[in-house]
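Asks: So that we are looking at the same thing, I have put the structure below in structure tokens.
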Protein chains: 2
Amino acid sequence: MMKTRSQKSDARRRLIETAERLFYAEGIHSVGIDRIIAEAGVAKMTLYNHFSSKDDLVVAVLHYREEKFDALFQKWMKQSVEAGMSQLEAFFSALKKWFESPGFRGCMFINACVELADADHEGSKFSSSHKRRFHELLKQIITQTAGVKAADQMTPAIALLVEGAIVTAVMQQSSRSADVARDATLALVSKSPKNTT
Amino acid sequence: MMKTRSQKSDARRRLIETAERLFYAEGIHSVGIDRIIAEAGVAKMTLYNHFSSKDDLVVAVLHYREEKFDALFQKWMKQSVEAGMSQLEAFFSALKKWFESPGFRGCMFINACVELADADHEGSKFSSSHKRRFHELLKQIITQTAGVKAADQMTPAIALLVEGAIVTAVMQQSSRSADVARDATLALVSKSPKNTT
DNA sequence: TGACACAAACAGACTGGTCTGTATATTTCG
DNA sequence: CGAAATATACAGACCAGTCTGTTTGTGTCA
């Protein structure tokens, strides 16, 4: 069964998971390498065998975060769809669940861009591309509710509502912004010239 | 007429202005005390005579930033109003001017909340209250275009559009989000049951 | 006007700690 | 053996904050 030392590096996985947890909760700059290796139970040289620098670890963490977040969000949406919601309603239901999840501290990719401060940093570039992918998912969901044409037209505005809801949830420590965004989105969609499938 | 050593501390003003510039451009954690005093041309003890700690300076910088930003935003809006725009159009015109201003790196108060990570930090609490004040200003502007009732009803959603536009301008390095937010706002307002004064 | 005292800012050394990253030598296990 | 992880020490830079002592400008009072 080969599992002794690890299949595909257990230490690397623990480093990324630990760093993701700490970076998200406390910020990238506030969390030092020593803290990460201590909580991951890994030697410092092991970290530097897997990652060339802290920046490199940051980028790996962001990749991992995207996978993890996408899976979680899809799971939440699926639950709401199975409870009878439309795709679009389910999206905002998942958003609200996210805002209310313990330790919620906003979008890690927005936070990374803010903290890294440098738009040329690999972490910033990946975060920027993540947002494009996230908005693409949103567009597909809107398409299912309002049709291709309306989705093309309305997705950018709805994306702003979603991003605004995330930031506002952090600033006001409240999940109400998810409801506000949902209601505004439904108002925009219902007003669309073509809201049939 | 008495200006020799300064009226009301020149050093303090220079410290706050320098710190504001550096914190906004590079982030709070990335900028050290030594850097600030060097660029402000001030002795370290002078800083600690005026501020009890770096955190204390951060809070003072945020207060200063609010005053400065409000004045600048009002100036931009006034220019657009004088060019014939409605208050609401002028708001989004000012937003776009802000996004396109050199060195734009998003909202300092959002950035502070993200960087400080601690919701109980004085800087986070002030940033949160700043957002409430900013949205109150927005509500007054909407009132002038759409009436009190519609403003009460729509301001939260429009505030999300605005916050989303700020974040998106940073992430995508583009000011287009200001136009998207303006168009969506006008769509929402025109759909309002009562859009007379 | 000239002497003096005071407050503010100055310069810079220093403490104790943290940071990222490296080097070395040892252990564990397939 | 050889690969991977370990523990530990270290380098060199930076961090916030303290302390000492000096300079400088200014208002007061004789």
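Please note that chains go A, B, ... in the order of the structure tokens, that every chain numbers its residues from 1, and that ligands are numbered from 1 in the order shown.
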Determine which residues of chain D sit within 12 Å of chain A, taking into account only C-alpha atoms (C1' of nucleotides), and present them as a list in words.
Replies: DA3, DA4, DA5, DT6, DA7 and DT8 of chain D
Asks: Do you have, as CSV, the list of residues of chain C lying at most 9 Å from chain A, each with its nearest atom pair and that distance in Å to one decimal, counting only C-alpha atoms (C1' of nucleotides) and ordered by chain then number?
Replies:
residue,atom,partner,partner_atom,distance
C:DT18,C1',A:Gly32,CA,8.6
C:DC19,C1',A:Gly32,CA,7.2
C:DT20,C1',A:Ile33,CA,7.7
C:DG21,C1',A:Ser53,CA,8.0
C:DC29,C1',A:Arg5,CA,7.5
C:DG30,C1',A:Thr4,CA,8.6
Asks: Only residues of chain B matter here; which ones have an atom within 6 Å of chain A, counting only C-alpha atoms? Give them as number ranges by chain.
Replies: B: 26, 111, 114, 117, 128, 157, 160-161, 163-165, 171, 180
Asks: Just the alpha helix (DSSP H) stuff from chain A, please, per backbone DSSP, written as number ranges by chain.
Replies: A: 10-26, 33-40, 44-50, 54-82, 87-100, 108-116, 122-172, 176-190
Asks: Take the residues from that selection and write them out as a compact mmCIF listing (two decimals), in the first residue's frame, keeping C-alpha atoms.
Replies:
# COMPACT_ATOMS: atom_id res chain seq x y z
CA ASP A 10 2.65 14.68 3.30
CA ALA A 11 4.82 17.54 4.53
CA ARG A 12 4.08 19.66 1.49
CA ARG A 13 0.36 19.22 1.94
CA ARG A 14 0.55 20.08 5.62
CA LEU A 15 2.60 23.19 4.85
CA ILE A 16 0.07 24.45 2.32
CA GLU A 17 -2.93 23.71 4.49
CA THR A 18 -1.35 25.34 7.53
CA ALA A 19 -0.18 28.37 5.59
CA GLU A 20 -3.60 28.79 4.01
CA ARG A 21 -5.29 28.75 7.38
CA LEU A 22 -2.86 31.23 8.93
CA PHE A 23 -2.59 33.56 5.92
CA TYR A 24 -6.34 33.76 5.64
CA ALA A 25 -6.93 34.33 9.32
CA GLU A 26 -4.09 36.72 10.09
CA ILE A 33 7.83 31.11 8.27
CA ASP A 34 8.71 29.89 11.75
CA ARG A 35 5.08 29.98 12.78
CA ILE A 36 4.03 27.98 9.72
CA ILE A 37 6.59 25.23 10.15
CA ALA A 38 5.88 24.98 13.87
CA GLU A 39 2.13 24.54 13.34
CA ALA A 40 2.65 22.22 10.38
CA LYS A 44 12.37 24.59 8.01
CA MET A 45 14.59 22.91 5.43
CA THR A 46 11.65 20.78 4.35
CA LEU A 47 9.75 23.94 3.52
CA TYR A 48 12.65 25.28 1.50
CA ASN A 49 13.02 21.95 -0.27
CA HIS A 50 9.44 22.23 -1.50
CA LYS A 54 7.85 32.47 1.07
CA ASP A 55 6.46 34.17 -2.03
CA ASP A 56 6.52 30.81 -3.77
CA LEU A 57 4.58 29.28 -0.89
CA VAL A 58 2.08 32.13 -1.09
CA VAL A 59 1.38 31.36 -4.74
CA ALA A 60 1.00 27.65 -3.99
CA VAL A 61 -1.42 28.49 -1.21
CA LEU A 62 -3.52 30.62 -3.54
CA HIS A 63 -3.73 27.78 -6.07
CA TYR A 64 -4.79 25.40 -3.31
CA ARG A 65 -7.29 27.93 -2.00
CA GLU A 66 -8.94 28.25 -5.39
CA GLU A 67 -9.51 24.50 -5.62
CA LYS A 68 -10.76 24.26 -2.07
CA PHE A 69 -13.03 27.29 -2.33
CA ASP A 70 -14.52 26.23 -5.64
CA ALA A 71 -15.34 22.78 -4.29
CA LEU A 72 -16.91 24.21 -1.14
CA PHE A 73 -18.93 26.77 -3.04
CA GLN A 74 -20.22 24.16 -5.48
CA LYS A 75 -21.21 21.96 -2.56
CA TRP A 76 -23.17 24.79 -0.95
CA MET A 77 -24.87 25.64 -4.20
CA LYS A 78 -25.81 22.03 -4.81
CA GLN A 79 -27.46 21.83 -1.40
CA SER A 80 -29.61 24.85 -2.21
CA VAL A 81 -30.48 23.62 -5.67
CA GLU A 82 -31.58 20.32 -4.20
CA GLN A 87 -29.22 28.28 -9.82
CA LEU A 88 -29.14 32.02 -9.29
CA GLU A 89 -30.85 31.91 -5.92
CA ALA A 90 -28.59 29.06 -4.93
CA PHE A 91 -25.57 31.18 -5.79
CA PHE A 92 -26.57 33.89 -3.34
CA SER A 93 -27.55 31.33 -0.76
CA ALA A 94 -24.05 29.89 -1.00
CA LEU A 95 -22.61 33.39 -0.74
CA LYS A 96 -24.50 33.95 2.48
CA LYS A 97 -23.41 30.59 3.86
CA TRP A 98 -19.84 31.61 3.12
CA PHE A 99 -20.23 34.97 4.89
CA GLU A 100 -21.64 33.19 7.92
CA MET A 108 -8.48 35.57 0.11
CA PHE A 109 -7.66 36.74 -3.41
CA ILE A 110 -8.78 40.30 -2.77
CA ASN A 111 -6.88 40.22 0.50
CA ALA A 112 -3.77 38.90 -1.24
CA CYS A 113 -3.85 41.71 -3.82
CA VAL A 114 -4.22 44.27 -1.05
CA GLU A 115 -1.45 42.81 1.07
CA LEU A 116 1.02 42.09 -1.68
CA GLU A 122 2.65 36.29 -9.08
CA GLY A 123 0.13 36.11 -6.27
CA SER A 124 -1.58 39.28 -7.46
CA LYS A 125 -1.69 38.08 -11.04
CA PHE A 126 -3.15 34.74 -10.02
CA SER A 127 -5.71 36.46 -7.81
CA SER A 128 -6.74 38.67 -10.67
CA SER A 129 -7.19 35.65 -12.94
CA HIS A 130 -9.14 33.86 -10.24
CA LYS A 131 -11.64 36.70 -10.20
CA ARG A 132 -12.10 36.38 -13.95
CA ARG A 133 -12.78 32.67 -13.54
CA PHE A 134 -15.19 33.30 -10.69
CA HIS A 135 -17.10 35.82 -12.77
CA GLU A 136 -17.17 33.35 -15.64
CA LEU A 137 -18.88 30.85 -13.35
CA LEU A 138 -21.31 33.57 -12.35
CA LYS A 139 -22.04 34.26 -15.99
CA GLN A 140 -22.87 30.63 -16.63
CA ILE A 141 -25.28 30.67 -13.73
CA ILE A 142 -26.97 33.83 -14.97
CA THR A 143 -27.24 32.29 -18.41
CA GLN A 144 -29.25 29.43 -16.98
CA THR A 145 -31.72 31.85 -15.41
CA ALA A 146 -31.82 34.71 -17.88
CA GLY A 147 -30.44 33.45 -21.16
CA VAL A 148 -27.18 34.05 -22.97
CA LYS A 149 -27.93 37.56 -24.12
CA ALA A 150 -28.99 38.88 -20.75
CA ALA A 151 -26.04 37.16 -19.08
CA ASP A 152 -23.57 38.82 -21.45
CA GLN A 153 -25.16 42.12 -20.68
CA MET A 154 -25.69 41.87 -16.95
CA THR A 155 -22.87 39.77 -15.59
CA PRO A 156 -20.42 42.65 -15.07
CA ALA A 157 -22.91 44.56 -12.93
CA ILE A 158 -23.91 41.50 -10.95
CA ALA A 159 -20.25 40.70 -10.41
CA LEU A 160 -19.88 44.15 -8.85
CA LEU A 161 -22.79 43.40 -6.53
CA VAL A 162 -21.11 40.15 -5.50
CA GLU A 163 -17.69 41.71 -4.90
CA GLY A 164 -19.31 44.58 -3.05
CA ALA A 165 -21.23 42.13 -0.92
CA ILE A 166 -18.02 40.32 0.03
CA VAL A 167 -16.21 43.50 1.03
CA THR A 168 -19.22 44.86 2.87
CA ALA A 169 -19.68 41.61 4.78
CA VAL A 170 -16.14 42.04 6.08
CA MET A 171 -16.38 45.75 6.85
CA GLN A 172 -19.76 45.58 8.56
CA ARG A 176 -26.96 40.94 5.15
CA SER A 177 -25.08 42.17 2.09
CA ALA A 178 -25.68 38.76 0.50
CA ASP A 179 -29.43 39.38 0.64
CA VAL A 180 -29.05 42.90 -0.69
CA ALA A 181 -26.99 41.61 -3.59
CA ARG A 182 -29.46 38.83 -4.30
CA ASP A 183 -32.46 41.16 -4.33
CA ALA A 184 -30.73 43.69 -6.56
CA THR A 185 -29.66 40.91 -8.91
CA LEU A 186 -33.17 39.54 -9.16
CA ALA A 187 -34.46 43.05 -9.81
CA LEU A 188 -31.98 43.51 -12.63
CA VAL A 189 -32.71 40.10 -14.10
CA SER A 190 -36.49 40.46 -13.95
Asks: In Å, rounded to a single decimal, give me how far atom C1' of DA7 of chain C is from atom C1' of DT23 of chain D.
Replies: 12.3 Å
Asks: Hey, can you check how far atom C1' of DG12 of chain C sits from atom C1' of DA13 of chain D?
Replies: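 Separating atom C1' of DG12 of chain C from atom C1' of DA13 of chain D is a distance of 18.6 Å.
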Asks: Just how far from atom C1' of DG12 of chain D is atom C1' of DG16 of chain C, in Å to one decimal?
Replies: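 Result for atom C1' of DG16 of chain C versus atom C1' of DG12 of chain D: 16.1 Å, one decimal.
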